[in-house]
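Data from my_file.cif: mmCIF, C-alpha atoms
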data_input
loop_
_atom_site.label_atom_id
_atom_site.label_comp_id
_atom_site.auth_asym_id
_atom_site.auth_seq_id
_atom_site.Cartn_x
_atom_site.Cartn_y
_atom_site.Cartn_z
CA MET F 262 0.00 0.00 0.00
CA GLU F 263 1.48 3.28 -1.06
CA ILE F 264 1.62 5.94 1.66
CA GLN F 265 0.48 9.29 0.40
CA PRO F 266 2.55 12.25 1.58
CA VAL F 267 0.84 14.59 3.99
CA THR F 268 0.22 17.96 2.38
CA PRO F 269 1.02 20.80 4.78
CA PRO F 270 -1.70 23.42 5.20
CA SER F 271 -1.50 26.33 2.82
CA ALA F 272 -0.81 29.88 3.92
CA ASN F 273 -4.46 30.76 3.31
CA GLU F 274 -5.65 27.84 5.44
CA ARG F 275 -3.30 28.81 8.24
CA TYR F 276 -4.35 32.43 7.97
CA GLY F 277 -7.92 31.26 8.56
CA ASP F 278 -6.75 29.48 11.70
CA VAL F 279 -5.11 32.68 12.90
CA VAL F 280 -8.28 34.68 12.35
CA GLY F 281 -10.23 32.07 14.30
CA ALA F 282 -7.70 32.13 17.14
CA LEU F 283 -7.75 35.92 17.33
CA SER F 284 -11.54 35.83 17.48
CA GLU F 285 -11.44 33.28 20.31
CA LEU F 286 -8.95 35.38 22.26
CA THR F 287 -11.13 38.46 21.86
CA GLN F 288 -14.12 36.51 23.18
CA ALA F 289 -12.00 35.36 26.14
CA LEU F 290 -11.98 38.93 27.45
CA ALA F 291 -15.70 38.62 28.14
CA VAL F 292 -15.44 35.25 29.90
CA GLU F 293 -15.20 35.13 33.68
CA GLU F 294 -12.40 32.62 34.13
CA GLY F 295 -9.23 32.57 36.22
CA MET F 296 -5.74 33.35 35.02
CA PRO F 297 -4.72 29.64 34.75
CA GLU F 298 -7.65 28.95 32.43
CA THR F 299 -6.87 32.02 30.34
CA LEU F 300 -3.21 31.05 29.99
CA GLN F 301 -4.14 27.48 29.08
CA ARG F 302 -6.41 28.83 26.36
CA ILE F 303 -3.53 30.92 24.97
CA LEU F 304 -1.11 27.97 24.93
CA ASP F 305 -3.67 25.66 23.34
CA LEU F 306 -4.28 28.18 20.55
CA ALA F 307 -0.53 28.73 20.03
CA LEU F 308 0.09 24.98 19.70
CA LYS F 309 -2.76 24.79 17.21
CA LEU F 310 -1.46 27.72 15.16
CA ILE F 311 2.19 26.62 14.92
CA PRO F 312 2.51 23.04 13.60
CA GLY F 313 6.24 22.77 14.38
CA CYS F 314 5.79 23.62 18.06
CA HIS F 315 6.38 20.75 20.50
CA ALA F 316 6.19 22.71 23.76
CA ALA F 317 5.16 26.17 24.89
CA SER F 318 5.09 28.42 27.94
CA VAL F 319 4.03 31.88 29.03
CA THR F 320 6.49 34.08 30.90
CA VAL F 321 4.91 36.89 32.90
CA LEU F 322 6.75 39.85 34.38
CA ASP F 323 5.67 40.76 37.90
CA ALA F 324 5.30 44.30 39.26
CA SER F 325 9.07 44.57 39.81
CA GLY F 326 9.88 43.24 36.34
CA GLU F 327 10.97 39.79 37.56
CA PRO F 328 10.04 36.91 35.22
CA VAL F 329 8.02 33.88 36.26
CA THR F 330 6.64 31.03 34.18
CA ALA F 331 2.90 31.33 34.69
CA LEU F 332 2.13 28.15 32.73
CA GLY F 333 3.91 25.62 30.54
CA THR F 334 2.88 22.57 28.54
CA SER F 335 5.52 20.31 30.10
CA GLU F 336 8.06 20.11 32.89
CA GLU F 337 10.71 20.59 30.24
CA THR F 338 9.41 24.07 29.40
CA TYR F 339 9.54 25.12 33.04
CA ARG F 340 13.16 23.97 33.34
CA LEU F 341 14.14 25.75 30.15
CA ASP F 342 12.53 28.99 31.33
CA GLN F 343 14.08 28.72 34.77
CA SER F 344 17.52 28.32 33.24
CA GLN F 345 17.08 31.65 31.43
CA TYR F 346 15.94 33.36 34.61
CA ALA F 347 18.96 31.96 36.44
CA PHE F 348 21.36 33.10 33.70
CA GLY F 349 19.61 36.46 33.51
CA ASP F 350 19.45 36.24 29.72
CA GLY F 351 18.04 34.24 26.85
CA PRO F 352 15.69 34.63 23.87
CA CYS F 353 12.63 34.62 26.14
CA LEU F 354 13.89 37.40 28.45
CA ASP F 355 15.22 39.37 25.49
CA ALA F 356 11.83 39.20 23.76
CA ALA F 357 9.98 40.19 26.95
CA ARG F 358 12.26 43.11 27.76
CA ARG F 359 12.64 44.55 24.28
CA HIS F 360 9.20 43.57 22.94
CA THR F 361 10.72 41.74 20.03
CA ILE F 362 10.42 38.33 18.39
CA ASN F 363 13.32 35.91 18.51
CA ARG F 364 13.24 33.04 16.01
CA CYS F 365 16.34 30.89 15.81
CA HIS F 366 17.75 27.40 15.62
CA MET F 367 20.29 26.47 18.25
CA GLU F 368 23.38 27.10 16.12
CA GLU F 369 22.23 30.72 15.70
CA ALA F 370 21.19 31.10 19.34
CA GLU F 371 24.56 29.86 20.57
CA GLN F 372 26.25 33.08 19.49
CA ALA F 373 23.98 35.29 21.61
CA TRP F 374 22.90 32.93 24.40
CA PRO F 375 25.45 30.12 24.86
CA ASP F 376 24.24 29.15 28.35
CA PHE F 377 20.64 28.87 27.23
CA THR F 378 21.65 26.94 24.13
CA GLY F 379 23.55 24.37 26.19
CA VAL F 380 20.47 23.62 28.31
CA ALA F 381 18.14 23.53 25.28
CA LYS F 382 20.39 21.12 23.38
CA SER F 383 20.58 18.81 26.39
CA MET F 384 16.79 18.57 26.21
CA GLY F 385 16.84 17.72 22.51
CA LEU F 386 15.45 21.09 21.43
CA ARG F 387 16.73 22.43 18.12
CA SER F 388 14.78 25.64 17.45
CA TYR F 389 13.01 28.34 19.42
CA LEU F 390 10.47 31.10 18.89
CA SER F 391 9.65 33.71 21.51
CA ALA F 392 7.36 36.73 21.13
CA GLY F 393 7.38 39.63 23.58
CA LEU F 394 4.00 40.58 25.04
CA ILE F 395 3.18 44.24 25.66
CA ASP F 396 -0.02 46.01 26.71
CA ASN F 397 -0.45 49.79 26.46
CA GLY F 398 3.31 50.25 26.29
CA THR F 399 3.96 48.08 29.35
CA PRO F 400 5.91 44.78 28.97
CA VAL F 401 3.73 41.87 30.10
CA GLY F 402 6.01 38.92 29.38
CA ALA F 403 6.64 36.54 26.49
CA LEU F 404 5.06 33.62 24.67
CA ASN F 405 7.69 30.91 24.18
CA LEU F 406 7.63 28.04 21.69
CA SER F 407 10.24 25.32 21.23
CA SER F 408 10.70 22.56 18.67
CA ARG F 409 12.75 19.38 18.31
CA ASP F 410 13.16 20.14 14.60
CA ARG F 411 16.05 22.30 13.44
CA ASP F 412 13.76 24.35 11.24
CA GLY F 413 10.70 24.06 13.43
CA PHE F 414 9.62 27.65 12.81
CA ASP F 415 9.57 29.68 9.63
CA ALA F 416 8.86 33.29 8.67
CA LEU F 417 5.14 32.57 8.43
CA ASP F 418 5.12 31.23 11.99
CA GLU F 419 6.89 34.39 13.11
CA ALA F 420 4.32 36.59 11.38
CA PHE F 421 1.43 34.62 12.88
CA ILE F 422 2.83 34.70 16.40
CA ALA F 423 3.39 38.45 16.06
CA MET F 424 -0.31 38.89 15.26
CA PHE F 425 -1.32 36.48 18.01
CA SER F 426 0.82 38.13 20.70
CA ILE F 427 -1.11 41.44 20.59
CA PRO F 428 -4.49 40.15 21.82
CA ALA F 429 -2.72 37.56 24.01
CA ALA F 430 -0.98 40.36 25.91
CA SER F 431 -4.27 42.23 26.28
CA VAL F 432 -6.04 39.13 27.58
CA ILE F 433 -3.29 38.42 30.14
CA ALA F 434 -3.08 42.03 31.30
CA GLY F 435 -6.86 42.36 31.42
CA ARG F 436 -7.29 39.15 33.38
CA ASP F 437 -4.53 40.21 35.78
CA ARG F 438 -6.23 43.56 36.38
CA TYR F 439 -9.55 41.80 36.90
CA GLU F 440 -8.10 39.39 39.46
CA ARG F 441 -6.32 42.19 41.35
CA THR F 442 -9.57 44.15 41.49
CA ARG F 443 -11.50 41.10 42.68
CA GLU F 444 -8.87 40.39 45.34
CA LEU F 445 -9.11 43.98 46.56
CA ALA F 446 -12.91 43.70 46.69
CA ASP F 447 -12.59 40.49 48.73
CA GLN F 448 -10.19 42.19 51.14
CA LEU F 449 -12.59 45.11 51.58
CA LYS F 450 -15.49 42.74 52.21
CA ARG F 451 -13.50 40.84 54.85
CA ALA F 452 -12.55 44.14 56.48
CA MET F 453 -16.19 45.24 56.53
CA ASP F 454 -17.28 41.89 57.98
CA SER F 455 -14.61 42.19 60.67
CA ARG F 456 -15.70 45.71 61.50
CA ALA F 457 -19.34 44.64 61.76
CA VAL F 458 -18.69 41.85 64.28
CA ILE F 459 -16.32 44.06 66.30
CA ASP F 460 -18.92 46.84 66.43
CA ARG F 461 -21.50 44.35 67.66
CA ALA F 462 -19.13 43.06 70.35
CA ILE F 463 -18.46 46.65 71.45
CA GLY F 464 -22.22 47.16 71.83
CA ILE F 465 -22.49 44.02 73.97
CA VAL F 466 -19.63 45.15 76.24
CA MET F 467 -21.20 48.61 76.53
CA VAL F 468 -24.41 47.04 77.83
CA GLN F 469 -22.74 44.53 80.13
CA ALA F 470 -20.10 46.90 81.56
CA ARG F 471 -22.28 50.02 81.39
CA CYS F 472 -19.57 52.03 79.63
CA ASN F 473 -19.23 54.12 76.49
CA GLY F 474 -17.96 52.91 73.11
CA ASP F 475 -14.34 53.99 73.59
CA GLU F 476 -14.12 52.24 76.95
CA ALA F 477 -15.75 49.12 75.54
CA PHE F 478 -13.27 48.99 72.65
CA GLU F 479 -10.35 49.46 75.09
CA ARG F 480 -11.66 46.56 77.19
CA LEU F 481 -11.81 44.38 74.08
CA ARG F 482 -8.32 45.42 73.01
CA ARG F 483 -6.79 44.63 76.43
CA SER F 484 -8.58 41.30 76.60
CA SER F 485 -7.36 40.46 73.08
CA ASN F 486 -3.75 41.17 74.09
CA ASN F 487 -4.01 39.30 77.38
CA GLN F 488 -5.50 36.20 75.75
CA ASN F 489 -3.19 36.47 72.71
CA VAL F 490 -6.06 36.20 70.26
CA LYS F 491 -7.02 38.46 67.38
CA LEU F 492 -9.55 41.15 68.10
CA ARG F 493 -11.97 39.75 65.53
CA GLU F 494 -11.76 36.26 67.00
CA LEU F 495 -12.52 37.60 70.47
CA ALA F 496 -15.41 39.66 69.10
CA GLU F 497 -16.84 36.61 67.32
CA ARG F 498 -16.62 34.59 70.53
CA ILE F 499 -18.51 37.26 72.49
CA VAL F 500 -21.21 37.56 69.83
CA GLN F 501 -21.62 33.77 69.61
CA GLN F 502 -21.96 33.50 73.39
CA VAL F 503 -24.66 36.17 73.47
CA ASP F 504 -26.50 34.61 70.52
CA ALA F 505 -26.40 31.17 72.18
CA SER F 506 -27.66 32.64 75.44
CA SER F 507 -30.49 34.46 73.65
CA LEU F 508 -31.45 31.29 71.82
CA GLY F 509 -31.52 29.37 75.10
CA SER F 510 -33.75 31.98 76.70
CA ALA F 511 -36.12 31.91 73.76
CA VAL F 512 -36.42 28.13 73.99
#

Would you mind writing the file out in structure tokens?
Amino acid sequence: MEIQPVTPPSANERYGDVVGALSELTQALAVEEGMPETLQRILDLALKLIPGCHAASVTVLDASGEPVTALGTSEETYRLDQSQYAFGDGPCLDAARRHTINRCHMEEAEQAWPDFTGVAKSMGLRSYLSAGLIDNGTPVGALNLSSRDRDGFDALDEAFIAMFSIPAASVIAGRDRYERTRELADQLKRAMDSRAVIDRAIGIVMVQARCNGDEAFERLRRSSNNQNVKLRELAERIVQQVDASSLGSAV
């Protein structure tokens, strides 16, 4: 039986895939999902778009500009990223810092990043493609692709990943802002809940000790220090005791 050669997708077919991926990323902005799910979506789409890619990761720069691998498709990708962070240089960090695209096979990369190249070769990787991610002029990180083929990435892959990196950066930055805002809202809610139970405990002490609010709060504070418990925990205990007593009286 004669094996028919596999015909690679045409540029037009791949362009259609890119358009579909960009549309999916745009829709992701409206979906309430966590950062891990968003990053997984980005990596899945990147692997789909670039046939020569065998592994991928997303490097994100924190508030101080330090890189961290937010998600990778394999343990190998994490180790490769960590080696660049340890060396302080590599195609991923260069792309993230300068908002550029680095496409190279290992012989080319060895001239600029010999330490990185040594680690990559030991893993059997032969080519690399990294695209810097930027949102509103602020570096976000980099999307990193690696291949076991020497010519795993071509100029068309580079052009596609350049298009893909723009909405990817926006999605990551937008999701990060959303999660920071939600975290702040949660902190404010916890603070308000704490204040409410403390205020109620102060009212109980005012009644029991026949004192004003300032004196009641000072009594709570001293008791909290003496018992080595948080003020909120002490307030909750007082409120629970009064509620239990009231329930017993009602019964």

Note to self: List the spatial neighbours of Ser388 in chain F as number ranges by chain - criterion: any atom at most 10 Å away, all atoms listed in the file, same-chain residues fewer than 5 positions off excluded.
What the structure shows: F: 313-314, 364-370, 378, 381-382, 406-414

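Picture a line from CA of Ala316 in chain F to CA of Thr399 in chain F; it runs 26.1 Å.
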
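Of the listed residues F:Leu394, F:Ala356, F:Ile311, F:Ala347, the one whose atoms come nearest to Asp418 in chain F is F:Ile311, with distances taken using only C-alpha atoms.
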
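Among the candidates F:Thr330, F:Ser325, F:Ser431, F:Gln502, the residue lying nearest to Cys353 in chain F is F:Thr330 (atoms considered: all atoms listed in the file).
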
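In this comparison, which uses all atoms listed in the file, the residue of F:Ile422, F:Ile465, F:Ala505, F:Arg471 approaching Leu306 in chain F most closely is F:Ile422.
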